[in-house]
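Asker: Next comes the structure file protein-v9.csv, holding CSV, C-alpha atoms.
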```csv
chain,number,residue,atom,x,y,z
E,127,MET,CA,0.0,0.0,0.0
E,128,THR,CA,1.3,3.5,-0.9
E,129,VAL,CA,1.5,5.6,2.2
E,130,ILE,CA,3.1,8.8,0.8
E,131,GLU,CA,2.6,10.1,-2.7
E,132,VAL,CA,4.5,13.2,-4.0
E,133,ALA,CA,3.9,14.3,-7.5
E,134,LYS,CA,5.7,17.2,-9.3
E,135,LEU,CA,6.3,19.1,-6.0
E,136,GLN,CA,7.7,22.6,-6.4
E,137,LYS,CA,8.7,25.2,-3.9
E,138,ARG,CA,10.4,28.5,-4.4
E,139,TYR,CA,11.9,31.0,-1.9
E,140,GLY,CA,12.1,34.4,-3.7
E,141,GLY,CA,14.3,33.8,-6.7
E,142,HIS,CA,15.6,30.4,-5.5
E,143,GLN,CA,13.8,27.3,-6.8
E,144,ALA,CA,14.4,24.9,-3.8
E,145,VAL,CA,12.3,22.0,-5.2
E,146,ARG,CA,11.7,21.3,-8.8
E,147,GLU,CA,9.0,18.7,-9.7
E,148,VAL,CA,10.0,16.1,-7.1
E,149,THR,CA,8.0,12.9,-7.5
E,150,PHE,CA,8.2,9.7,-5.5
E,151,GLU,CA,6.1,7.2,-3.5
E,152,VAL,CA,6.7,5.6,-0.1
E,153,GLN,CA,5.2,2.1,0.6
E,154,ALA,CA,3.8,0.9,3.9
E,155,GLY,CA,6.4,-0.6,6.3
E,156,GLU,CA,9.5,0.6,4.5
E,157,ILE,CA,12.3,2.9,5.5
E,158,PHE,CA,12.5,5.3,2.6
E,159,GLY,CA,15.5,7.5,2.5
E,160,ILE,CA,16.1,10.9,1.0
E,161,ILE,CA,19.8,11.8,0.5
E,162,GLY,CA,21.4,14.8,-1.1
E,163,ARG,CA,23.8,17.6,-0.5
E,164,ASN,CA,22.9,20.3,2.0
E,165,GLY,CA,20.8,22.7,0.0
E,166,ALA,CA,19.4,20.1,-2.3
E,167,GLY,CA,15.8,20.6,-1.1
E,168,LYS,CA,15.5,17.6,1.2
E,169,THR,CA,14.2,19.5,4.3
E,170,THR,CA,11.8,21.6,2.2
E,171,THR,CA,10.4,18.4,0.6
E,172,VAL,CA,9.7,16.7,4.0
E,173,GLU,CA,8.3,20.0,5.5
E,174,CYS,CA,5.8,20.1,2.6
E,175,ILE,CA,4.9,16.5,3.2
E,176,SER,CA,4.3,17.1,6.9
E,177,GLY,CA,2.2,20.2,6.2
E,178,LEU,CA,4.7,22.7,7.7
E,179,ARG,CA,5.2,24.4,4.4
E,180,THR,CA,2.8,25.1,1.5
E,181,PRO,CA,4.0,23.9,-1.9
E,182,ASP,CA,3.8,26.2,-4.9
E,183,ALA,CA,2.8,23.4,-7.2
E,184,GLY,CA,2.3,19.7,-7.4
E,185,SER,CA,0.4,17.3,-5.1
E,186,ILE,CA,1.0,15.4,-1.9
E,187,ARG,CA,-1.0,12.7,-0.3
E,188,VAL,CA,-0.2,11.1,3.1
E,189,LEU,CA,-2.4,8.2,3.9
E,190,GLY,CA,-4.7,9.5,1.3
E,191,LEU,CA,-4.9,13.0,2.9
E,192,ASP,CA,-3.8,16.4,1.8
E,193,PRO,CA,-1.3,17.8,4.4
E,194,GLN,CA,-2.6,21.3,3.8
E,195,ARG,CA,-6.4,20.7,3.5
E,196,ASP,CA,-6.5,17.9,6.1
E,197,HIS,CA,-3.7,19.1,8.3
E,198,ALA,CA,-5.3,18.2,11.6
E,199,LYS,CA,-6.0,14.6,10.5
E,200,VAL,CA,-2.5,14.2,9.1
E,201,ARG,CA,-1.0,15.3,12.4
E,202,GLN,CA,-2.9,12.6,14.2
E,203,HIS,CA,-1.1,9.9,12.1
E,204,VAL,CA,2.3,11.4,11.3
E,205,GLY,CA,5.1,11.9,13.8
E,206,VAL,CA,7.8,14.4,12.9
E,207,GLN,CA,11.4,14.9,14.2
E,208,LEU,CA,12.7,18.1,12.7
E,209,GLN,CA,16.3,18.8,11.7
E,210,GLU,CA,16.5,21.4,14.5
E,211,SER,CA,14.2,21.2,17.5
E,212,MET,CA,14.5,22.7,21.0
E,213,LEU,CA,12.5,22.5,24.2
E,214,GLN,CA,12.6,24.7,27.3
E,215,ASP,CA,15.7,24.1,29.3
E,216,ARG,CA,13.8,23.2,32.5
E,217,ILE,CA,11.2,20.9,31.1
E,218,THR,CA,11.9,17.3,32.1
E,219,VAL,CA,11.7,14.3,29.8
E,220,THR,CA,8.5,13.0,31.4
E,221,GLU,CA,6.9,16.5,31.3
E,222,ALA,CA,7.7,16.9,27.6
E,223,LEU,CA,6.3,13.5,26.8
E,224,ASN,CA,3.1,14.1,28.8
E,225,LEU,CA,2.7,17.5,27.1
E,226,PHE,CA,2.9,16.1,23.6
E,227,ALA,CA,0.7,13.1,24.6
E,228,SER,CA,-2.0,15.6,25.5
E,229,PHE,CA,-2.3,16.5,21.8
E,230,TYR,CA,-3.5,13.1,20.8
E,231,PRO,CA,-6.7,11.2,21.5
E,232,ASN,CA,-4.9,7.8,21.8
E,233,PRO,CA,-1.3,8.4,22.8
E,234,ALA,CA,1.3,5.7,23.4
E,235,ASN,CA,2.2,4.7,26.9
E,236,ALA,CA,4.8,7.3,27.9
E,237,ALA,CA,6.6,5.1,30.5
E,238,GLN,CA,6.8,2.2,28.0
E,239,LEU,CA,8.2,4.5,25.3
E,240,LEU,CA,10.8,5.8,27.7
E,241,ASP,CA,11.9,2.3,28.5
E,242,ASP,CA,11.9,1.2,24.9
E,243,LEU,CA,14.1,4.2,23.9
E,244,GLY,CA,16.5,3.8,26.9
E,245,LEU,CA,15.3,7.0,28.6
E,246,ALA,CA,13.7,5.6,31.7
E,247,SER,CA,16.7,6.6,33.9
E,248,SER,CA,16.6,10.1,32.5
E,249,ALA,CA,12.8,10.6,33.0
E,250,ARG,CA,13.3,13.4,35.6
E,251,LYS,CA,16.2,15.1,33.9
E,252,PRO,CA,15.6,18.6,32.5
E,253,TYR,CA,16.2,19.1,28.8
E,254,ALA,CA,19.3,21.2,29.3
E,255,LYS,CA,21.0,18.4,31.1
E,256,LEU,CA,20.5,15.8,28.4
E,257,SER,CA,23.4,14.6,26.2
E,258,GLY,CA,23.2,14.9,22.5
E,259,GLY,CA,22.2,11.3,22.1
E,260,GLN,CA,19.5,11.6,24.8
E,261,LYS,CA,18.0,14.6,23.1
E,262,GLN,CA,17.8,12.7,19.8
E,263,ARG,CA,16.1,9.8,21.7
E,264,LEU,CA,13.7,12.2,23.2
E,265,SER,CA,13.0,13.6,19.7
E,266,ILE,CA,12.1,10.1,18.5
E,267,ALA,CA,9.9,9.6,21.6
E,268,LEU,CA,8.1,12.8,20.9
E,269,ALA,CA,7.6,11.8,17.3
E,270,LEU,CA,6.1,8.4,18.4
E,271,ILE,CA,4.0,9.5,21.4
E,272,GLY,CA,1.0,9.9,19.2
E,273,ASN,CA,1.1,6.3,17.9
E,274,PRO,CA,1.8,7.5,14.3
E,275,LYS,CA,1.5,5.3,11.2
E,276,VAL,CA,4.3,7.4,9.6
E,277,ALA,CA,7.4,8.9,11.1
E,278,ILE,CA,9.4,11.6,9.4
E,279,LEU,CA,12.9,11.8,10.7
E,280,ASP,CA,15.1,14.7,9.4
E,281,GLU,CA,18.9,14.4,9.9
E,282,LEU,CA,18.4,12.4,13.0
E,283,THR,CA,22.0,11.7,13.8
E,284,THR,CA,23.8,14.9,12.8
E,285,GLY,CA,26.2,15.9,15.6
E,286,LEU,CA,26.2,12.5,17.3
E,287,ASP,CA,29.4,10.6,18.0
E,288,PRO,CA,29.8,7.3,16.1
E,289,GLN,CA,28.5,5.1,19.0
E,290,ALA,CA,25.4,7.2,19.5
E,291,ARG,CA,24.8,7.2,15.8
E,292,ARG,CA,24.8,3.4,15.7
E,293,GLU,CA,22.5,3.2,18.8
E,294,THR,CA,20.1,5.5,17.0
E,295,TRP,CA,20.2,3.3,13.9
E,296,GLN,CA,19.0,0.4,16.0
E,297,LEU,CA,16.2,2.6,17.4
E,298,ILE,CA,15.1,3.4,13.9
E,299,SER,CA,15.0,-0.3,13.0
E,300,ASP,CA,13.0,-1.0,16.1
E,301,VAL,CA,10.5,1.8,15.2
E,302,ARG,CA,10.0,0.2,11.8
E,303,ASP,CA,9.5,-3.2,13.5
E,304,ARG,CA,6.6,-1.5,15.4
E,305,GLY,CA,4.8,-1.2,12.0
E,306,VAL,CA,5.7,2.5,11.5
E,307,THR,CA,6.6,3.6,8.0
E,308,ILE,CA,9.7,5.9,8.1
E,309,LEU,CA,10.7,8.7,5.8
E,310,LEU,CA,14.4,9.3,6.7
E,311,VAL,CA,16.3,12.4,5.5
E,312,THR,CA,20.1,12.0,5.8
E,313,HIS,CA,23.4,13.1,4.2
E,314,PHE,CA,25.3,10.1,5.7
E,315,MET,CA,25.7,7.4,3.1
E,316,ASP,CA,26.5,4.7,5.7
E,317,GLU,CA,23.3,5.5,7.5
E,318,ALA,CA,21.2,5.3,4.3
E,319,GLU,CA,22.9,2.1,3.2
E,320,ARG,CA,22.4,0.5,6.6
E,321,LEU,CA,18.8,1.5,7.2
E,322,CYS,CA,16.9,2.2,3.9
E,323,ASP,CA,14.9,-0.1,1.8
E,324,ARG,CA,14.9,2.4,-1.0
E,325,ILE,CA,16.5,5.8,-1.5
E,326,ALA,CA,15.6,8.9,-3.5
E,327,VAL,CA,18.7,10.9,-4.5
E,328,ILE,CA,17.8,14.6,-4.6
E,329,HIS,CA,20.1,16.9,-6.6
E,330,GLN,CA,19.5,20.7,-7.0
E,331,GLY,CA,15.8,20.2,-6.1
E,332,GLU,CA,15.2,17.3,-8.4
E,333,VAL,CA,15.1,13.5,-8.1
E,334,ALA,CA,18.2,12.1,-9.8
E,335,ALA,CA,17.4,8.5,-9.0
E,336,ILE,CA,15.3,6.2,-6.9
E,337,ASP,CA,16.4,2.7,-6.1
E,338,SER,CA,17.6,0.3,-3.3
E,339,PRO,CA,21.1,1.0,-1.9
E,340,SER,CA,22.4,-2.0,-3.8
E,341,GLY,CA,20.5,-0.9,-6.9
E,342,LEU,CA,22.1,2.5,-6.9
E,343,THR,CA,25.5,1.0,-6.4
E,344,ALA,CA,24.9,-1.5,-9.2
E,345,ARG,CA,24.4,1.3,-11.6
E,346,VAL,CA,28.1,2.1,-11.4
E,347,ALA,CA,29.4,-1.3,-10.4
E,348,THR,CA,31.1,-1.9,-13.8
E,349,GLY,CA,33.3,1.1,-13.2
E,350,GLN,CA,36.4,1.8,-11.1
E,351,VAL,CA,37.2,4.1,-8.2
E,352,LEU,CA,40.8,5.2,-7.9
E,353,ARG,CA,42.1,6.8,-4.7
E,354,PHE,CA,45.7,8.1,-4.6
E,355,SER,CA,47.8,11.2,-3.8
E,356,THR,CA,50.6,12.8,-5.9
E,357,ALA,CA,53.9,14.3,-4.9
E,358,ALA,CA,52.9,17.6,-6.6
E,359,LEU,CA,49.5,19.0,-7.6
E,360,ALA,CA,48.1,17.2,-10.5
E,361,ASP,CA,46.3,18.9,-13.5
E,362,THR,CA,42.7,17.9,-12.6
E,363,VAL,CA,41.4,19.6,-15.7
E,364,SER,CA,43.3,17.2,-17.9
E,365,LEU,CA,42.2,14.2,-15.8
E,366,ARG,CA,38.6,15.2,-16.1
E,367,ALA,CA,39.0,15.4,-19.9
E,368,LEU,CA,39.9,11.8,-20.2
E,369,ALA,CA,37.3,9.7,-22.1
E,370,SER,CA,37.0,7.1,-19.4
E,371,VAL,CA,36.7,9.4,-16.4
E,372,SER,CA,33.3,10.4,-14.9
E,373,THR,CA,34.3,12.4,-11.9
E,374,VAL,CA,37.4,13.8,-10.2
E,375,GLU,CA,37.2,14.8,-6.5
E,376,GLN,CA,39.9,16.2,-4.2
E,377,THR,CA,39.3,15.0,-0.6
E,378,GLU,CA,41.5,14.9,2.4
E,379,GLY,CA,44.7,15.2,0.4
E,380,GLU,CA,43.7,12.5,-2.1
E,381,LEU,CA,42.3,12.4,-5.6
E,382,VAL,CA,39.2,10.2,-6.0
E,383,ILE,CA,38.5,9.4,-9.6
E,384,THR,CA,35.6,7.4,-10.9
E,385,GLY,CA,35.2,6.0,-14.3
E,386,ASP,CA,34.9,2.9,-16.4
E,387,SER,CA,37.2,-0.2,-16.8
E,388,ASN,CA,39.8,1.8,-18.8
E,389,THR,CA,40.1,4.5,-16.2
E,390,LEU,CA,43.2,3.1,-14.4
E,391,THR,CA,45.2,2.9,-17.6
E,392,GLU,CA,44.2,6.3,-18.9
E,393,VAL,CA,44.8,8.0,-15.5
E,394,VAL,CA,48.3,6.5,-15.0
E,395,THR,CA,49.2,7.5,-18.6
E,396,GLU,CA,48.0,11.1,-18.1
E,397,LEU,CA,49.9,11.3,-14.7
E,398,SER,CA,53.0,10.1,-16.5
E,399,ARG,CA,52.6,12.8,-19.1
E,400,GLN,CA,52.5,15.3,-16.2
E,401,GLN,CA,55.6,13.7,-14.8
E,402,LEU,CA,53.7,12.4,-11.8
E,403,GLY,CA,53.0,9.0,-10.4
E,404,PRO,CA,50.1,7.8,-8.1
E,405,VAL,CA,51.1,7.4,-4.5
E,406,ASN,CA,49.3,4.8,-2.3
E,407,LEU,CA,47.0,3.9,-5.2
E,408,ARG,CA,43.9,1.9,-4.3
E,409,VAL,CA,41.4,0.6,-6.9
E,410,ALA,CA,38.0,-0.4,-5.7
E,411,GLN,CA,34.4,-1.0,-6.9
E,412,PRO,CA,32.1,2.0,-6.4
E,413,SER,CA,30.3,2.5,-3.1
E,414,LEU,CA,27.0,4.2,-2.5
E,415,ASP,CA,28.9,7.4,-2.0
E,416,ASP,CA,30.7,6.9,-5.3
E,417,ALA,CA,27.3,6.2,-6.9
E,418,PHE,CA,26.0,9.5,-5.5
E,419,ILE,CA,29.0,11.4,-7.0
E,420,MET,CA,28.5,9.7,-10.4
E,421,LEU,CA,24.8,10.5,-10.4
E,422,THR,CA,25.1,14.1,-9.4
E,423,GLY,CA,28.7,15.1,-10.1
E,424,GLU,CA,29.1,16.4,-6.6
E,425,SER,CA,30.0,15.2,-3.1
E,426,LEU,CA,27.9,15.8,0.0
E,427,THR,CA,28.9,19.2,1.2
E,428,GLY,CA,27.2,22.6,1.6
E,429,GLU,CA,24.3,24.3,3.4
E,430,ASP,CA,20.7,23.1,3.5
E,431,LYS,CA,17.8,25.2,2.3
```
With the file now loaded, output its structure as C-alpha cells.
Answerer:
Amino acid sequence: MTVIEVAKLQKRYGGHQAVREVTFEVQAGEIFGIIGRNGAGKTTTVECISGLRTPDAGSIRVLGLDPQRDHAKVRQHVGVQLQESMLQDRITVTEALNLFASFYPNPANAAQLLDDLGLASSARKPYAKLSGGQKQRLSIALALIGNPKVAILDELTTGLDPQARRETWQLISDVRDRGVTILLVTHFMDEAERLCDRIAVIHQGEVAAIDSPSGLTARVATGQVLRFSTAALADTVSLRALASVSTVEQTEGELVITGDSNTLTEVVTELSRQQLGPVNLRVAQPSLDDAFIMLTGESLTGEDK
C-alpha cells in the first residue's frame, strides 16, 4: 500500500527554486531515505509532506490525505522529528512526553516509550542536562508518542558521536518493527545504506534516481574508483577530460577518480605525461557514496535550504 505520494512538487523561496517537480512514493512498512547535499531541497520536501510548508505546485498525499487541507487529520497519524528542535531548558523528559501526549486522543504509553528508547533513567532530567544522544532519543519519543502510522525523521544523527549514531540506527530499525513507515532524511551514506529499503537521490531540487542502496551501487558497479595522492599538484582539468573518467574529486589530500574499466590505464598514462605518479594507489568497486557522486557530479557538502 502506498502511504506517501509526492507528484511534481515545487517550492520557491524568492528567486531560489528549492524544489523542482519532485516525484516519489513511499510504501507501507518501508524505511524510505532521501539523500542529497545540504541545500538540495530535502528538508523543504519533507516539511511540505508534513504540512509545515505550503507547496507552490504539485500534489502530496499522506495516507490519502492532503497535508494542507487535512492538516489536523494528518498530524494525528504522522510523527515528525525536525532537523532542529528545541525544548525549554527546565522541562523534564517526562513532562515533555506528557505535554505532547495531550495533543492526541490515543497516545502511546509514555513510560513504556521511555523504557523502549533507553530514557527511563533520564525521565526526571531537565532538557538542558541531556546529552546529544539523549536529546535525539527524546526527539524520537516525541515523534512516536501519538502512535503514528508514519514517522518523518530529518537528519536524526547529525552531531552525534559514532557510538550514539549506531545506537540511534538500531532505534530506527526498532521503530519500523513496530509497523511504522519511516521517511528518513540524511546526508550520511553509511546511514542510508544501513537502514533504507529504497533511496531517493535529490540533486538541486530534483530526483536524480530512486532505487535500493544495492541498486544504486549496481548502476556504477562496472566502473572503477581510484584513490591516490601525488607528490605535486596534478592537473585535474586534464584528468577530467579523459574519455573514461566520470568524476574527479579532491578530498582529504587525495584524488578520488571514478570511471569505467579503462580509467586506471588512462589516468596512469596522463599522470606520467604530467611527470607524476600515483602514491598509495587503491582501486575499488564503487560504493553508495561513489554512486551519488557519479549520479550528481558532486560530493555531499554545503548548506541546506
Asker: Give me, as a tab-separated table, each residue of region 265-358 of chain E that comes within 10 Å of region 231-248 of chain E, together with its shortest interatomic pair and the distance in Å at one decimal, counting all atoms listed in the file, with rows ordered by chain and rising residue number.
Answerer:
```
residue	atom	partner	partner_atom	distance
E:Ile266	CA	E:Leu243	CA	8.2
E:Ala267	CA	E:Leu239	CA	6.5
E:Leu268	CA	E:Leu239	CA	9.4
E:Leu270	CA	E:Ala234	CA	7.4
E:Ile271	CA	E:Ala234	CA	5.1
E:Gly272	CA	E:Pro233	CA	4.5
E:Asn273	CA	E:Ala234	CA	5.5
E:Pro274	CA	E:Pro233	CA	9.1
E:Glu293	CA	E:Leu243	CA	9.9
E:Thr294	CA	E:Leu243	CA	9.2
E:Leu297	CA	E:Leu243	CA	7.0
E:Asp300	CA	E:Asp242	CA	9.1
E:Val301	CA	E:Leu243	CA	9.7
```
Asker: Quick one: contact table of region 292-364 of chain E to region 141-145 of chain E, 12 Å max, nearest atom pair and distance in Å to one decimal per residue, counting only C-alpha atoms, chain and number order, as a Markdown table?
Answerer:
```
| residue | atom | partner | partner_atom | distance |
| --- | --- | --- | --- | --- |
| E:Ile328 | CA | E:Val145 | CA | 9.2 |
| E:His329 | CA | E:Val145 | CA | 9.4 |
| E:Gln330 | CA | E:Ala144 | CA | 7.3 |
| E:Gly331 | CA | E:Val145 | CA | 4.0 |
| E:Glu332 | CA | E:Val145 | CA | 6.4 |
| E:Val333 | CA | E:Val145 | CA | 9.4 |
```
Asker: Between E:Leu359, E:Ile160, E:Ala198, E:Leu390, single out the one closest to Phe418 (chain E), counting only C-alpha atoms.
Answerer: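 Smallest distance to Phe418 (chain E) is found for E:Ile160.
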Asker: Excluding Ala277 (chain E) and its own-chain neighbours fewer than 5 positions away, which residues fall within 12 Å of it when counting only C-alpha atoms? Please give them as a PDB file with C-alpha atoms, in the frame of the given file.
Answerer:
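Dumped to part00.pdb:
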```
ATOM      1  CA  VAL E 129       1.500   5.600   2.200  1.00  0.00           C
ATOM      2  CA  ILE E 130       3.100   8.800   0.800  1.00  0.00           C
ATOM      3  CA  VAL E 152       6.700   5.600  -0.100  1.00  0.00           C
ATOM      4  CA  ALA E 154       3.800   0.900   3.900  1.00  0.00           C
ATOM      5  CA  GLY E 155       6.400  -0.600   6.300  1.00  0.00           C
ATOM      6  CA  GLU E 156       9.500   0.600   4.500  1.00  0.00           C
ATOM      7  CA  ILE E 157      12.300   2.900   5.500  1.00  0.00           C
ATOM      8  CA  PHE E 158      12.500   5.300   2.600  1.00  0.00           C
ATOM      9  CA  GLY E 159      15.500   7.500   2.500  1.00  0.00           C
ATOM     10  CA  VAL E 172       9.700  16.700   4.000  1.00  0.00           C
ATOM     11  CA  ILE E 175       4.900  16.500   3.200  1.00  0.00           C
ATOM     12  CA  SER E 176       4.300  17.100   6.900  1.00  0.00           C
ATOM     13  CA  VAL E 188      -0.200  11.100   3.100  1.00  0.00           C
ATOM     14  CA  VAL E 200      -2.500  14.200   9.100  1.00  0.00           C
ATOM     15  CA  ARG E 201      -1.000  15.300  12.400  1.00  0.00           C
ATOM     16  CA  GLN E 202      -2.900  12.600  14.200  1.00  0.00           C
ATOM     17  CA  HIS E 203      -1.100   9.900  12.100  1.00  0.00           C
ATOM     18  CA  VAL E 204       2.300  11.400  11.300  1.00  0.00           C
ATOM     19  CA  GLY E 205       5.100  11.900  13.800  1.00  0.00           C
ATOM     20  CA  VAL E 206       7.800  14.400  12.900  1.00  0.00           C
ATOM     21  CA  GLN E 207      11.400  14.900  14.200  1.00  0.00           C
ATOM     22  CA  LEU E 208      12.700  18.100  12.700  1.00  0.00           C
ATOM     23  CA  SER E 265      13.000  13.600  19.700  1.00  0.00           C
ATOM     24  CA  ILE E 266      12.100  10.100  18.500  1.00  0.00           C
ATOM     25  CA  ALA E 267       9.900   9.600  21.600  1.00  0.00           C
ATOM     26  CA  LEU E 268       8.100  12.800  20.900  1.00  0.00           C
ATOM     27  CA  ALA E 269       7.600  11.800  17.300  1.00  0.00           C
ATOM     28  CA  LEU E 270       6.100   8.400  18.400  1.00  0.00           C
ATOM     29  CA  ILE E 271       4.000   9.500  21.400  1.00  0.00           C
ATOM     30  CA  GLY E 272       1.000   9.900  19.200  1.00  0.00           C
ATOM     31  CA  LEU E 282      18.400  12.400  13.000  1.00  0.00           C
ATOM     32  CA  ILE E 298      15.100   3.400  13.900  1.00  0.00           C
ATOM     33  CA  VAL E 301      10.500   1.800  15.200  1.00  0.00           C
ATOM     34  CA  ARG E 302      10.000   0.200  11.800  1.00  0.00           C
ATOM     35  CA  ARG E 304       6.600  -1.500  15.400  1.00  0.00           C
ATOM     36  CA  GLY E 305       4.800  -1.200  12.000  1.00  0.00           C
ATOM     37  CA  VAL E 306       5.700   2.500  11.500  1.00  0.00           C
ATOM     38  CA  THR E 307       6.600   3.600   8.000  1.00  0.00           C
ATOM     39  CA  ILE E 308       9.700   5.900   8.100  1.00  0.00           C
ATOM     40  CA  LEU E 309      10.700   8.700   5.800  1.00  0.00           C
ATOM     41  CA  LEU E 310      14.400   9.300   6.700  1.00  0.00           C
ATOM     42  CA  VAL E 311      16.300  12.400   5.500  1.00  0.00           C
TER      43      VAL E 311
END
```
Asker: Name all residues at most 7 Å from Ala410 (chain E) (count only C-alpha atoms; drop same-chain ones fewer than 3 positions away) and give them as an MDAnalysis selection string.
Answerer: chainID E and resid 350:352
Asker: Rounded to one decimal, what separation in Å do you get between CA of Ile336 (chain E) and CA of Ile186 (chain E)?
Answerer: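 Between CA of Ile336 (chain E) and CA of Ile186 (chain E) the gap is 17.7 Å.
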Asker: I'd like the neighbourhood of Ile217 (chain E) as an NGL selection string, where a residue qualifies if any of its atoms comes within 8 Å (using all atoms listed in the file), though same-chain residues fewer than 5 positions away should be ignored.
Answerer: :E and (222 or 252-253)
Asker: Rank nothing, just name the residue among E:Leu213, E:Met420, E:Leu223, E:Leu279 nearest to Leu256 (chain E), using all atoms listed in the file.
Answerer: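 Comparing E:Leu213, E:Met420, E:Leu223, E:Leu279 against Leu256 (chain E), the winner is E:Leu213.
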Asker: Mind checking which residues fall within 10 Å of Ser340 (chain E), counting only C-alpha atoms, ignoring those fewer than 6 positions away in the same chain, and posting them as number ranges by chain?
Answerer: E: 319, 323-324, 347, 413-414
Asker: Using all atoms listed in the file, which residues sit within 9 Å of region 391-397 of chain E once same-chain residues fewer than 5 positions away are excluded, as a ChimeraX atom specification?
Answerer: /E:356,360-361,364-365,368-371,383,402-404
Asker: Please dump the current selection as a compact mmCIF listing (two decimals), in the frame of the given file; keep C-alpha atoms.
Answerer:
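Saved result, part-v1.txt, follows:
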```txt
# COMPACT_ATOMS: atom_id res chain seq x y z
CA THR E 356 50.60 12.80 -5.90
CA ALA E 360 48.10 17.20 -10.50
CA ASP E 361 46.30 18.90 -13.50
CA SER E 364 43.30 17.20 -17.90
CA LEU E 365 42.20 14.20 -15.80
CA LEU E 368 39.90 11.80 -20.20
CA ALA E 369 37.30 9.70 -22.10
CA SER E 370 37.00 7.10 -19.40
CA VAL E 371 36.70 9.40 -16.40
CA ILE E 383 38.50 9.40 -9.60
CA LEU E 402 53.70 12.40 -11.80
CA GLY E 403 53.00 9.00 -10.40
CA PRO E 404 50.10 7.80 -8.10
```
Asker: Report the distance between CA of Asp386 (chain E) and CA of Ser372 (chain E) in Å, rounded to one decimal place.
Answerer: 7.8 Å
Asker: Between CA of Gln296 (chain E) and CA of Leu264 (chain E), what is the distance in Å, rounded to a tenth?
Answerer: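 Rounded to one decimal, the two atoms are 14.8 Å apart.
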Asker: Enclose all atoms of region 289-293 of chain E listed in the file in an axis-aligned box, grow every side by 8 Å, and hand back centre and edge lengths in Å to one decimal, as lines of an AutoDock Vina configuration file.
Answerer:
```
center_x = 25.5
center_y = 5.2
center_z = 17.6
size_x = 22.0
size_y = 20.0
size_z = 19.8
```
Asker: Check the smallest atom-to-atom distance from each of E:Ser338, E:Gln401, E:Thr373, E:Asn224 to Ala357 (chain E) using only C-alpha atoms, then report the winner.
Answerer: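 Nearest to Ala357 (chain E): E:Gln401.
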Asker: Taking all atoms listed in the file into account, name the residue in E:Gln411, E:Gln400, E:Asn164, E:Asn406 that is nearest to Gly349 (chain E).
Answerer: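 Closest candidate: E:Gln411.
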Asker: Under the rule that all atoms listed in the file are counted, which of E:Arg250, E:Lys261, E:Arg320, E:Lys137 is the nearest residue to Ser211 (chain E)?
Answerer: E:Lys261
Asker: Rank E:Asp215, E:Glu281, E:Asp287, E:Asp196 by their smallest atom-to-atom distance to Ala254 (chain E), using only C-alpha atoms, and report the top residue only.
Answerer: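 Answer, going by the shortest atom-to-atom distance: E:Asp215.
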